[in-house]
$ cat model-v2.cif   # mmCIF, C-alpha atoms and all ligand atoms
data_run
loop_
_atom_site.group_PDB
_atom_site.id
_atom_site.type_symbol
_atom_site.label_atom_id
_atom_site.label_comp_id
_atom_site.auth_asym_id
_atom_site.auth_seq_id
_atom_site.Cartn_x
_atom_site.Cartn_y
_atom_site.Cartn_z
ATOM 1 C CA MET A 135 -2.078 -95.270 -18.050
ATOM 2 C CA ARG A 136 -3.234 -98.518 -19.544
ATOM 3 C CA LEU A 137 -6.147 -100.955 -19.505
ATOM 4 C CA GLN A 138 -5.934 -104.163 -17.510
ATOM 5 C CA GLN A 139 -4.780 -107.249 -19.428
ATOM 6 C CA THR A 140 -5.386 -110.988 -19.300
ATOM 7 C CA LEU A 141 -4.522 -113.952 -21.540
ATOM 8 C CA ALA A 142 -6.455 -114.532 -24.766
ATOM 9 C CA ASN A 143 -6.330 -118.328 -24.209
ATOM 10 C CA SER A 144 -5.387 -120.838 -21.531
ATOM 11 C CA ILE A 145 -1.941 -122.397 -21.752
ATOM 12 C CA SER A 146 -0.146 -125.183 -19.863
ATOM 13 C CA CYS A 147 3.327 -126.499 -19.201
ATOM 14 C CA THR A 148 4.850 -129.268 -17.132
ATOM 15 C CA GLY A 149 8.122 -129.385 -15.242
ATOM 16 C CA VAL A 150 9.600 -130.125 -11.827
ATOM 17 C CA GLY A 151 9.853 -128.028 -8.667
ATOM 18 C CA LEU A 152 13.346 -126.668 -7.998
ATOM 19 C CA HIS A 153 13.321 -127.648 -4.319
ATOM 20 C CA SER A 154 10.888 -130.595 -4.208
ATOM 21 C CA GLY A 155 11.977 -132.211 -7.477
ATOM 22 C CA GLN A 156 8.269 -133.154 -7.867
ATOM 23 C CA PRO A 157 6.574 -133.077 -11.276
ATOM 24 C CA VAL A 158 3.978 -130.308 -11.653
ATOM 25 C CA THR A 159 1.556 -129.194 -14.342
ATOM 26 C CA LEU A 160 0.824 -125.477 -14.454
ATOM 27 C CA THR A 161 -2.046 -123.947 -16.423
ATOM 28 C CA ILE A 162 -2.499 -120.189 -16.811
ATOM 29 C CA ARG A 163 -6.099 -119.168 -17.591
ATOM 30 C CA PRO A 164 -7.780 -115.857 -18.457
ATOM 31 C CA ALA A 165 -9.538 -114.046 -15.576
ATOM 32 C CA SER A 166 -11.944 -111.120 -15.410
ATOM 33 C CA PRO A 167 -10.830 -107.563 -14.542
ATOM 34 C CA ASP A 168 -9.758 -106.943 -10.928
ATOM 35 C CA THR A 169 -9.040 -110.646 -10.283
ATOM 36 C CA GLY A 170 -5.267 -110.185 -9.924
ATOM 37 C CA ILE A 171 -2.987 -113.242 -9.980
ATOM 38 C CA VAL A 172 -4.765 -116.135 -8.243
ATOM 39 C CA PHE A 173 -3.301 -119.630 -7.761
ATOM 40 C CA VAL A 174 -5.785 -122.521 -7.798
ATOM 41 C CA ASN A 175 -5.049 -125.886 -6.211
ATOM 42 C CA ARG A 176 -5.718 -128.791 -8.583
ATOM 43 C CA ASN A 177 -4.488 -131.411 -6.130
ATOM 44 C CA GLY A 178 -5.772 -132.485 -2.704
ATOM 45 C CA HIS A 179 -8.076 -129.636 -1.569
ATOM 46 C CA ALA A 180 -8.939 -129.196 -5.207
ATOM 47 C CA GLY A 181 -10.367 -125.849 -6.215
ATOM 48 C CA ALA A 182 -9.065 -123.806 -3.271
ATOM 49 C CA SER A 183 -7.672 -120.476 -4.455
ATOM 50 C CA LEU A 184 -4.979 -118.156 -3.159
ATOM 51 C CA ALA A 185 -4.221 -114.607 -4.313
ATOM 52 C CA ALA A 186 -0.558 -113.855 -4.993
ATOM 53 C CA THR A 187 -0.239 -111.026 -2.466
ATOM 54 C CA VAL A 188 2.161 -110.391 0.388
ATOM 55 C CA LYS A 189 -0.694 -111.134 2.798
ATOM 56 C CA HIS A 190 -0.235 -114.836 1.960
ATOM 57 C CA LEU A 191 3.557 -114.801 1.990
ATOM 58 C CA VAL A 192 5.245 -117.461 4.114
ATOM 59 C CA PRO A 193 8.868 -117.407 5.224
ATOM 60 C CA THR A 194 10.753 -120.085 3.318
ATOM 61 C CA GLU A 195 14.349 -120.674 2.436
ATOM 62 C CA LEU A 196 15.655 -119.439 -0.878
ATOM 63 C CA CYS A 197 12.367 -118.903 -2.690
ATOM 64 C CA THR A 198 9.110 -116.981 -2.560
ATOM 65 C CA ALA A 199 6.089 -118.955 -1.391
ATOM 66 C CA ILE A 200 2.475 -118.223 -0.519
ATOM 67 C CA SER A 201 0.209 -120.244 1.733
ATOM 68 C CA GLY A 202 -3.428 -120.202 2.852
ATOM 69 C CA ASN A 203 -6.837 -121.771 2.258
ATOM 70 C CA GLY A 204 -5.304 -125.218 2.790
ATOM 71 C CA PHE A 205 -2.454 -125.124 0.334
ATOM 72 C CA GLN A 206 0.964 -123.684 -0.382
ATOM 73 C CA VAL A 207 2.808 -122.846 -3.602
ATOM 74 C CA LYS A 208 6.574 -122.366 -3.529
ATOM 75 C CA THR A 209 9.045 -120.841 -5.954
ATOM 76 C CA ILE A 210 6.494 -118.604 -7.656
ATOM 77 C CA GLU A 211 8.823 -115.628 -8.227
ATOM 78 C CA HIS A 212 9.964 -116.418 -11.784
ATOM 79 C CA LEU A 213 6.392 -116.950 -12.975
ATOM 80 C CA LEU A 214 5.256 -113.785 -11.151
ATOM 81 C CA ALA A 215 8.116 -111.886 -12.783
ATOM 82 C CA ALA A 216 6.992 -113.009 -16.259
ATOM 83 C CA LEU A 217 3.394 -111.943 -15.535
ATOM 84 C CA ALA A 218 4.427 -108.571 -14.047
ATOM 85 C CA GLY A 219 7.119 -108.043 -16.680
ATOM 86 C CA LEU A 220 4.611 -108.460 -19.527
ATOM 87 C CA ASN A 221 1.831 -106.477 -17.757
ATOM 88 C CA VAL A 222 -0.471 -109.478 -17.285
ATOM 89 C CA ASP A 223 -2.823 -108.288 -14.537
ATOM 90 C CA ASN A 224 -5.509 -110.949 -14.220
ATOM 91 C CA VAL A 225 -5.040 -114.730 -14.486
ATOM 92 C CA TYR A 226 -5.789 -117.962 -12.670
ATOM 93 C CA VAL A 227 -2.766 -120.222 -12.255
ATOM 94 C CA ASP A 228 -3.703 -123.883 -11.722
ATOM 95 C CA VAL A 229 -1.065 -126.081 -10.076
ATOM 96 C CA ASP A 230 -1.312 -129.769 -9.163
ATOM 97 C CA ALA A 231 1.681 -129.721 -6.770
ATOM 98 C CA GLY A 232 3.062 -127.397 -4.094
ATOM 99 C CA GLU A 233 5.785 -125.804 -6.179
ATOM 100 C CA ALA A 234 5.809 -124.009 -9.534
ATOM 101 C CA PRO A 235 7.955 -125.698 -12.199
ATOM 102 C CA VAL A 236 11.510 -124.349 -12.386
ATOM 103 C CA MET A 237 11.722 -124.802 -16.181
ATOM 104 C CA ASP A 238 15.176 -123.451 -17.209
ATOM 105 C CA GLY A 239 15.633 -121.359 -14.042
ATOM 106 C CA SER A 240 14.586 -118.118 -15.744
ATOM 107 C CA SER A 241 11.298 -116.453 -16.738
ATOM 108 C CA ALA A 242 11.818 -117.035 -20.467
ATOM 109 C CA PRO A 243 9.725 -120.247 -20.758
ATOM 110 C CA PHE A 244 6.804 -118.461 -19.029
ATOM 111 C CA VAL A 245 7.230 -115.478 -21.349
ATOM 112 C CA ARG A 246 7.023 -117.826 -24.360
ATOM 113 C CA LEU A 247 3.867 -119.447 -22.909
ATOM 114 C CA ILE A 248 2.226 -116.058 -22.333
ATOM 115 C CA ARG A 249 3.225 -114.843 -25.805
ATOM 116 C CA SER A 250 1.814 -117.965 -27.476
ATOM 117 C CA ALA A 251 -1.467 -117.634 -25.521
ATOM 118 C CA GLY A 252 -1.693 -113.947 -26.488
ATOM 119 C CA LEU A 253 -2.821 -110.966 -24.406
ATOM 120 C CA VAL A 254 -6.108 -109.069 -24.504
ATOM 121 C CA SER A 255 -6.974 -105.677 -23.052
ATOM 122 C CA GLN A 256 -9.914 -105.547 -20.683
ATOM 123 C CA ASN A 257 -12.512 -102.861 -20.174
ATOM 124 C CA LYS A 258 -11.027 -101.427 -16.990
ATOM 125 C CA ARG A 259 -8.052 -99.229 -16.236
ATOM 126 C CA GLN A 260 -5.194 -100.668 -14.196
ATOM 127 C CA PRO A 261 -4.625 -98.856 -10.886
ATOM 128 C CA TYR A 262 -1.010 -97.982 -9.996
ATOM 129 C CA LEU A 263 0.540 -97.352 -6.590
ATOM 130 C CA LYS A 264 2.661 -94.203 -6.919
ATOM 131 C CA MET A 265 5.276 -93.537 -4.256
ATOM 132 C CA THR A 266 5.266 -90.006 -2.820
ATOM 133 C CA ARG A 267 7.907 -90.525 -0.087
ATOM 134 C CA PRO A 268 10.895 -92.888 0.193
ATOM 135 C CA LEU A 269 10.948 -96.074 2.287
ATOM 136 C CA GLU A 270 13.907 -98.310 3.093
ATOM 137 C CA VAL A 271 14.734 -101.683 4.653
ATOM 138 C CA VAL A 272 18.297 -102.307 5.867
ATOM 139 C CA ASP A 273 19.939 -105.500 7.111
ATOM 140 C CA GLY A 274 23.641 -104.918 7.810
ATOM 141 C CA SER A 275 25.307 -104.192 4.469
ATOM 142 C CA ARG A 276 22.210 -105.291 2.538
ATOM 143 C CA ARG A 277 19.538 -102.762 1.752
ATOM 144 C CA ILE A 278 16.617 -101.925 -0.493
ATOM 145 C CA ARG A 279 14.955 -98.568 -0.878
ATOM 146 C CA ILE A 280 12.089 -97.150 -2.929
ATOM 147 C CA GLU A 281 11.946 -93.493 -3.923
ATOM 148 C CA PRO A 282 9.371 -91.414 -5.756
ATOM 149 C CA SER A 283 9.922 -91.404 -9.533
ATOM 150 C CA SER A 284 7.898 -90.515 -12.626
ATOM 151 C CA THR A 285 8.293 -94.072 -14.010
ATOM 152 C CA PRO A 286 8.782 -97.555 -12.508
ATOM 153 C CA ARG A 287 12.446 -98.560 -12.482
ATOM 154 C CA ILE A 288 15.035 -100.637 -10.663
ATOM 155 C CA THR A 289 18.716 -100.087 -9.934
ATOM 156 C CA TYR A 290 20.273 -103.259 -8.532
ATOM 157 C CA SER A 291 23.847 -103.920 -7.422
ATOM 158 C CA ILE A 292 25.441 -107.098 -6.115
ATOM 159 C CA GLN A 293 28.880 -107.978 -4.794
ATOM 160 C CA TYR A 294 30.354 -111.473 -4.599
ATOM 161 C CA ASP A 295 33.928 -112.517 -4.061
ATOM 162 C CA HIS A 296 34.014 -114.433 -7.349
ATOM 163 C CA PRO A 297 36.039 -113.642 -10.481
ATOM 164 C CA LEU A 298 32.928 -113.788 -12.730
ATOM 165 C CA ILE A 299 30.940 -111.385 -10.562
ATOM 166 C CA HIS A 300 32.849 -109.034 -8.240
ATOM 167 C CA THR A 301 30.515 -106.027 -8.482
ATOM 168 C CA GLN A 302 27.650 -105.994 -10.977
ATOM 169 C CA ALA A 303 25.013 -103.281 -11.295
ATOM 170 C CA TYR A 304 21.985 -103.034 -13.543
ATOM 171 C CA ALA A 305 19.538 -100.228 -14.293
ATOM 172 C CA TYR A 306 16.138 -101.415 -15.511
ATOM 173 C CA GLU A 307 13.205 -99.334 -16.784
ATOM 174 C CA TYR A 308 9.948 -101.287 -16.636
ATOM 175 C CA SER A 309 8.579 -102.182 -20.091
ATOM 176 C CA ALA A 310 7.386 -105.449 -21.584
ATOM 177 C CA ASP A 311 9.955 -105.230 -24.396
ATOM 178 C CA ALA A 312 12.830 -104.565 -21.994
ATOM 179 C CA PHE A 313 11.720 -107.379 -19.719
ATOM 180 C CA GLU A 314 11.635 -109.829 -22.602
ATOM 181 C CA SER A 315 14.972 -108.839 -24.136
ATOM 182 C CA GLU A 316 17.053 -107.894 -21.065
ATOM 183 C CA ILE A 317 15.751 -109.760 -18.029
ATOM 184 C CA ALA A 318 13.570 -112.800 -18.774
ATOM 185 C CA GLU A 319 16.440 -115.053 -19.939
ATOM 186 C CA ALA A 320 18.599 -114.576 -16.827
ATOM 187 C CA ARG A 321 18.790 -117.826 -14.848
ATOM 188 C CA THR A 322 18.965 -118.523 -11.153
ATOM 189 C CA PHE A 323 22.472 -119.192 -9.852
ATOM 190 C CA GLY A 324 24.277 -120.805 -6.939
ATOM 191 C CA PHE A 325 27.778 -121.555 -5.738
ATOM 192 C CA LEU A 326 28.931 -125.169 -5.976
ATOM 193 C CA GLU A 327 29.579 -125.555 -2.242
ATOM 194 C CA GLU A 328 26.159 -124.024 -1.418
ATOM 195 C CA VAL A 329 24.396 -126.223 -3.961
ATOM 196 C CA GLU A 330 26.018 -129.324 -2.477
ATOM 197 C CA ALA A 331 24.999 -128.238 1.033
ATOM 198 C CA LEU A 332 21.409 -127.666 -0.157
ATOM 199 C CA TRP A 333 21.220 -131.089 -1.716
ATOM 200 C CA ALA A 334 22.541 -132.602 1.528
ATOM 201 C CA ARG A 335 19.613 -130.927 3.349
ATOM 202 C CA GLY A 336 17.037 -132.215 0.877
ATOM 203 C CA LEU A 337 16.539 -128.835 -0.834
ATOM 204 C CA GLY A 338 17.167 -128.021 -4.460
ATOM 205 C CA ARG A 339 16.297 -131.591 -5.478
ATOM 206 C CA GLY A 340 15.022 -130.473 -8.862
ATOM 207 C CA GLY A 341 18.101 -128.334 -9.457
ATOM 208 C CA ASN A 342 20.645 -129.250 -12.095
ATOM 209 C CA LEU A 343 22.780 -127.605 -14.744
ATOM 210 C CA ASP A 344 19.759 -127.315 -17.054
ATOM 211 C CA ASN A 345 18.041 -124.887 -14.664
ATOM 212 C CA THR A 346 20.738 -123.366 -12.450
ATOM 213 C CA VAL A 347 23.986 -121.552 -13.214
ATOM 214 C CA VAL A 348 26.445 -123.246 -10.858
ATOM 215 C CA LEU A 349 29.575 -121.286 -10.021
ATOM 216 C CA SER A 350 32.782 -123.184 -9.385
ATOM 217 C CA LYS A 351 35.786 -121.511 -7.786
ATOM 218 C CA ASP A 352 36.741 -119.585 -10.912
ATOM 219 C CA GLY A 353 34.039 -120.202 -13.518
ATOM 220 C CA VAL A 354 30.682 -121.884 -14.198
ATOM 221 C CA LEU A 355 30.048 -125.616 -14.475
ATOM 222 C CA ASN A 356 27.429 -125.151 -17.221
ATOM 223 C CA GLU A 357 28.974 -126.148 -20.548
ATOM 224 C CA SER A 358 26.929 -123.568 -22.445
ATOM 225 C CA GLY A 359 28.336 -120.774 -20.258
ATOM 226 C CA LEU A 360 26.440 -117.593 -19.425
ATOM 227 C CA ARG A 361 23.607 -115.961 -21.376
ATOM 228 C CA PHE A 362 24.882 -112.492 -20.398
ATOM 229 C CA ALA A 363 28.177 -111.517 -18.732
ATOM 230 C CA ASP A 364 26.042 -109.874 -16.039
ATOM 231 C CA GLU A 365 23.407 -112.638 -15.933
ATOM 232 C CA PHE A 366 23.701 -112.724 -12.117
ATOM 233 C CA VAL A 367 22.524 -109.185 -11.439
ATOM 234 C CA ARG A 368 19.915 -109.447 -14.205
ATOM 235 C CA HIS A 369 18.470 -112.458 -12.376
ATOM 236 C CA LYS A 370 18.330 -110.420 -9.154
ATOM 237 C CA VAL A 371 16.306 -107.799 -11.064
ATOM 238 C CA LEU A 372 14.025 -110.610 -12.277
ATOM 239 C CA ASP A 373 13.512 -111.867 -8.704
ATOM 240 C CA LEU A 374 12.739 -108.335 -7.515
ATOM 241 C CA ILE A 375 10.152 -107.819 -10.277
ATOM 242 C CA GLY A 376 8.471 -111.081 -9.242
ATOM 243 C CA ASP A 377 8.621 -110.404 -5.506
ATOM 244 C CA PHE A 378 7.358 -106.848 -5.924
ATOM 245 C CA SER A 379 4.270 -108.049 -7.765
ATOM 246 C CA LEU A 380 3.107 -109.321 -4.347
ATOM 247 C CA LEU A 381 2.185 -105.672 -3.740
ATOM 248 C CA GLY A 382 -1.005 -106.580 -5.612
ATOM 249 C CA VAL A 383 -0.845 -103.602 -7.997
ATOM 250 C CA PRO A 384 1.956 -102.273 -10.210
ATOM 251 C CA PHE A 385 3.977 -99.433 -8.668
ATOM 252 C CA ILE A 386 5.503 -96.178 -9.879
ATOM 253 C CA GLY A 387 8.773 -95.500 -8.105
ATOM 254 C CA HIS A 388 12.503 -96.184 -8.193
ATOM 255 C CA LEU A 389 13.668 -99.350 -6.428
ATOM 256 C CA ILE A 390 17.322 -99.245 -5.406
ATOM 257 C CA ALA A 391 18.629 -102.596 -4.143
ATOM 258 C CA ASP A 392 22.130 -103.309 -2.879
ATOM 259 C CA ARG A 393 23.037 -106.953 -2.109
ATOM 260 C CA SER A 394 19.371 -107.608 -1.402
ATOM 261 C CA GLY A 395 17.333 -110.826 -1.685
ATOM 262 C CA HIS A 396 13.832 -112.302 -1.385
ATOM 263 C CA ALA A 397 13.484 -111.555 2.351
ATOM 264 C CA LEU A 398 14.342 -107.846 2.011
ATOM 265 C CA HIS A 399 12.318 -107.494 -1.204
ATOM 266 C CA THR A 400 9.158 -108.726 0.510
ATOM 267 C CA LYS A 401 9.889 -106.762 3.722
ATOM 268 C CA LEU A 402 9.840 -103.592 1.636
ATOM 269 C CA VAL A 403 6.533 -104.643 0.034
ATOM 270 C CA LYS A 404 5.076 -105.001 3.546
ATOM 271 C CA GLN A 405 6.601 -101.724 4.645
ATOM 272 C CA ILE A 406 4.967 -99.922 1.694
ATOM 273 C CA LEU A 407 1.554 -101.362 2.498
ATOM 274 C CA ASP A 408 2.033 -100.433 6.173
ATOM 275 C CA HIS A 409 2.793 -96.792 5.223
ATOM 276 C CA PRO A 410 -0.131 -95.465 3.175
ATOM 277 C CA ASP A 411 1.149 -91.944 3.925
ATOM 278 C CA CYS A 412 4.022 -92.676 1.481
ATOM 279 C CA TRP A 413 1.981 -93.373 -1.674
ATOM 280 C CA VAL A 414 -1.231 -92.683 -3.566
ATOM 281 C CA LEU A 415 -3.304 -95.050 -5.652
ATOM 282 C CA LEU A 416 -3.659 -93.690 -9.193
ATOM 283 C CA ASN A 417 -6.215 -94.145 -11.892
ATOM 284 C CA ALA A 418 -8.442 -96.674 -10.187
ATOM 285 C CA ASP A 419 -11.886 -96.997 -11.688
ATOM 286 C CA HIS A 420 -12.986 -97.682 -8.125
ATOM 287 C CA GLY A 421 -10.546 -95.347 -6.412
ATOM 288 C CA VAL A 422 -9.686 -95.176 -2.754
ATOM 289 C CA ALA A 423 -8.555 -92.114 -0.874
ATOM 290 C CA ALA A 424 -4.791 -91.676 -0.671
ATOM 291 C CA THR A 425 -5.012 -91.742 3.106
ATOM 292 C CA GLU A 426 -6.914 -95.019 3.333
ATOM 293 C CA PRO A 427 -4.938 -97.715 5.184
ATOM 294 C CA LEU A 428 -3.571 -100.982 3.804
ATOM 295 C CA SER A 429 -6.903 -102.751 3.974
ATOM 296 C CA ALA A 430 -8.316 -100.212 1.550
ATOM 297 C CA LEU A 431 -5.752 -101.113 -1.095
ATOM 298 C CA GLN A 432 -6.323 -104.804 -0.689
ATOM 299 C CA THR A 433 -10.079 -104.445 -0.916
ATOM 300 C CA ALA A 434 -9.960 -101.704 -3.552
ATOM 301 C CA ARG A 435 -10.839 -104.201 -6.231
ATOM 302 C CA SER A 436 -14.343 -104.710 -4.829
ATOM 303 C CA ALA A 437 -14.829 -101.555 -2.749
ATOM 304 C CA PRO A 438 -17.269 -98.836 -3.748
ATOM 305 C CA ALA A 439 -15.697 -95.598 -4.866
ATOM 306 C CA VAL A 440 -14.471 -93.475 -1.970
ATOM 307 C CA ALA A 441 -12.603 -90.882 -4.004
ATOM 308 C CA LEU A 442 -11.233 -90.976 -7.503
ATOM 309 C CA GLN A 443 -7.571 -90.122 -7.798
ATOM 310 C CA VAL A 444 -6.887 -89.101 -11.372
ATOM 311 C CA ALA A 445 -3.460 -89.697 -12.848
ATOM 312 C CA SER A 446 -1.468 -86.741 -14.088
HETATM 313 ZN ZN ZN B 501 15.258 -116.384 -8.840
#

$ encode --input "model-v2.cif" --output "structure tokens"
Amino acid sequence: MRLQQTLANSISCTGVGLHSGQPVTLTIRPASPDTGIVFVNRNGHAGASLAATVKHLVPTELCTAISGNGFQVKTIEHLLAALAGLNVDNVYVDVDAGEAPVMDGSSAPFVRLIRSAGLVSQNKRQPYLKMTRPLEVVDGSRRIRIEPSSTPRITYSIQYDHPLIHTQAYAYEYSADAFESEIAEARTFGFLEEVEALWARGLGRGGNLDNTVVLSKDGVLNESGLRFADEFVRHKVLDLIGDFSLLGVPFIGHLIADRSGHALHTKLVKQILDHPDCWVLLNADHGVAATEPLSALQTARSAPAVALQVAS
């Protein structure tokens, strides 16, 4: 098990929101141990903060958003994926608009920012949520399941009636190196007719061929083509890594997703937190008993020690 990590320095970028099309400046700053990922509003109700946990999740179309304390931040999943993928546990994320910048539609620009800021280990161990029993969420032919496993990993499969996709499957073992080389570069994608319908409804205003892979009937509109032949399923893995970080702590288990999406990803996060009989919290400096309910996990960061669960 490892020590908690934060950034060595603050780092900023600017871009536009995928759905709002609004310009936004984002600054990622170091934070002390046990802070987690906390968004800070630098516009309007300036200074209000919001932890990136499923407790603050709001239902939105086509992206992951959190809301509370007087502000909302949309489309946070690609940034969250970069932070979770590189094992960044504690940071403040300042935003001066209600949507994170889309950048190139992947996590790679955030990975480059984090790498240029540098990472430092902190003087506290990182707790992990280890699954001991399986849980599953099903919606028709779409499903996502988590099973006990000795390491964190994802198996994702998608099916689309498109000649560039058909069936794609990807097996991912969590590691910062694998995230950077296999997953971070995979961009968000959409079908031309869906993209046009979104634009007609005032969504996806910041979307264009520089930040979205747009599928035509038999190919992609992007002149530069694909970054990987299976870029589509890799991006679904990226989204799942980001969405699953809303658990609030890293997990140890095997996620198996079939034709899933943001809504099912976050339903499973909620289901896990609602079923404390299906997991134990490992290696917390301030541990909580394995049988403590959801509230115990969410307050574990400041709670006095109840019982120390030592990792095997
Ligand atoms: Zn995405």

$ closest_atom_pairs --input "model-v2.cif" --of "segment 223-265 of chain A" --to "segment 301-313 of chain A" --cutoff "12 Å" --atoms "only C-alpha atoms" --output "JSON lines"
{"residue": "A:Ser240", "atom": "CA", "partner": "A:Phe313", "partner_atom": "CA", "distance": 11.8}
{"residue": "A:Ser241", "atom": "CA", "partner": "A:Phe313", "partner_atom": "CA", "distance": 9.6}
{"residue": "A:Ala242", "atom": "CA", "partner": "A:Phe313", "partner_atom": "CA", "distance": 9.7}
{"residue": "A:Val245", "atom": "CA", "partner": "A:Phe313", "partner_atom": "CA", "distance": 9.4}
{"residue": "A:Ile248", "atom": "CA", "partner": "A:Ala310", "partner_atom": "CA", "distance": 11.8}
{"residue": "A:Arg249", "atom": "CA", "partner": "A:Ala310", "partner_atom": "CA", "distance": 11.1}
{"residue": "A:Leu253", "atom": "CA", "partner": "A:Ala310", "partner_atom": "CA", "distance": 11.9}

$ resolve_selection --input "model-v2.cif" --expression "the PyMOL selection byres (((chain A and resi 203-205) around 10) and not hetatm)" --output "list in words"
Phe173, Val174, Asn175, Asn177, Gly178, His179, Ala180, Ala182, Ser183, Leu184, His190, Ile200, Ser201, Gly202, Gln206, Val207, Ala231 and Gly232 of chain A

$ resolve_selection --input "model-v2.cif" --expression "the PyMOL selection byres (((chain A and resi 168) around 9) and not hetatm)" --output "compact mmCIF listing (two decimals) with C-alpha atoms, in the frame of the given file"
# COMPACT_ATOMS: atom_id res chain seq x y z
CA GLN A 138 -5.93 -104.16 -17.51
CA ALA A 165 -9.54 -114.05 -15.58
CA SER A 166 -11.94 -111.12 -15.41
CA PRO A 167 -10.83 -107.56 -14.54
CA THR A 169 -9.04 -110.65 -10.28
CA GLY A 170 -5.27 -110.18 -9.92
CA ASP A 223 -2.82 -108.29 -14.54
CA ASN A 224 -5.51 -110.95 -14.22
CA LYS A 258 -11.03 -101.43 -16.99
CA GLN A 260 -5.19 -100.67 -14.20
CA ARG A 435 -10.84 -104.20 -6.23
CA SER A 436 -14.34 -104.71 -4.83

$ closest_residue --input "model-v2.cif" --among "A:Leu349, A:Ala186, A:Leu152, A:Val383" --to "Asn221 of chain A" --atoms "all atoms listed in the file"
A:Val383

$ residues_near_ligand --input "model-v2.cif" --ligand "ligand ZN 501 (chain B)" --cutoff "10 Å" --atoms "all atoms listed in the file" --output "count of residues only"
30

$ resolve_selection --input "model-v2.cif" --expression "the PyMOL selection byres (((chain A and resi 392) around 8) and not hetatm)" --output "short mmCIF file (atom, residue, chain, number, x, y, z; two decimals) with C-alpha atoms, in the frame of the given file"
data_model
loop_
_atom_site.label_atom_id
_atom_site.label_comp_id
_atom_site.auth_asym_id
_atom_site.auth_seq_id
_atom_site.Cartn_x
_atom_site.Cartn_y
_atom_site.Cartn_z
CA ARG A 276 22.21 -105.29 2.54
CA ARG A 277 19.54 -102.76 1.75
CA ILE A 278 16.62 -101.92 -0.49
CA TYR A 290 20.27 -103.26 -8.53
CA SER A 291 23.85 -103.92 -7.42
CA ILE A 292 25.44 -107.10 -6.12
CA ILE A 390 17.32 -99.24 -5.41
CA ALA A 391 18.63 -102.60 -4.14
CA ARG A 393 23.04 -106.95 -2.11
CA SER A 394 19.37 -107.61 -1.40
#

$ residues_around --input "model-v2.cif" --residues "Phe244 of chain A" --least-positions-apart "4" --cutoff "12 Å" --atoms "only C-alpha atoms" --output "PyMOL selection string"
chain A and resi 145-149+160-162+210-220+222+227+234-240+248-251+314+318-319

$ atom_distance --input "model-v2.cif" --atom1 "atom CA of Tyr262 of chain A" --atom2 "atom CA of Val403 of chain A"
14.2 Å

$ closest_residue --input "model-v2.cif" --among "A:Val158, A:Ala142, A:Val229, A:Ile280" --to "Ile386 of chain A" --atoms "only C-alpha atoms"
A:Ile280

$ atom_distance --input "model-v2.cif" --atom1 "atom CA of Glu270 of chain A" --atom2 "atom CA of His296 of chain A"
27.8 Å

$ closest_residue --input "model-v2.cif" --among "A:Leu141, A:Gly155, A:Leu360, A:Arg259" --to "Gly340 of chain A" --atoms "all atoms listed in the file"
A:Gly155

$ atom_distance --input "model-v2.cif" --atom1 "atom CA of Leu137 of chain A" --atom2 "atom CA of Pro268 of chain A"
27.3 Å

$ closest_residue --input "model-v2.cif" --among "A:Val254, A:Val347, A:Met265, A:Met135" --to "Leu389 of chain A" --atoms "all atoms listed in the file"
A:Met265

$ decode --input "model-v2.cif" --residues "segment 332-344 of chain A" --atoms "C-alpha atoms" --output "PDB file, in the first residue's frame"
ATOM      1  CA  LEU A 332     -27.162  17.930 -29.359  1.00  0.00           C
ATOM      2  CA  TRP A 333     -26.144  21.162 -31.003  1.00  0.00           C
ATOM      3  CA  ALA A 334     -29.786  21.784 -31.958  1.00  0.00           C
ATOM      4  CA  ARG A 335     -30.676  21.474 -28.243  1.00  0.00           C
ATOM      5  CA  GLY A 336     -27.950  23.878 -27.150  1.00  0.00           C
ATOM      6  CA  LEU A 337     -25.674  21.145 -25.755  1.00  0.00           C
ATOM      7  CA  GLY A 338     -22.177  20.315 -26.891  1.00  0.00           C
ATOM      8  CA  ARG A 339     -21.562  23.951 -27.863  1.00  0.00           C
ATOM      9  CA  GLY A 340     -17.855  23.669 -27.147  1.00  0.00           C
ATOM     10  CA  GLY A 341     -17.594  20.430 -29.109  1.00  0.00           C
ATOM     11  CA  ASN A 342     -15.717  20.266 -32.383  1.00  0.00           C
ATOM     12  CA  LEU A 343     -13.350  17.983 -34.245  1.00  0.00           C
ATOM     13  CA  ASP A 344     -10.445  19.158 -32.072  1.00  0.00           C
TER      14      ASP A 344
END
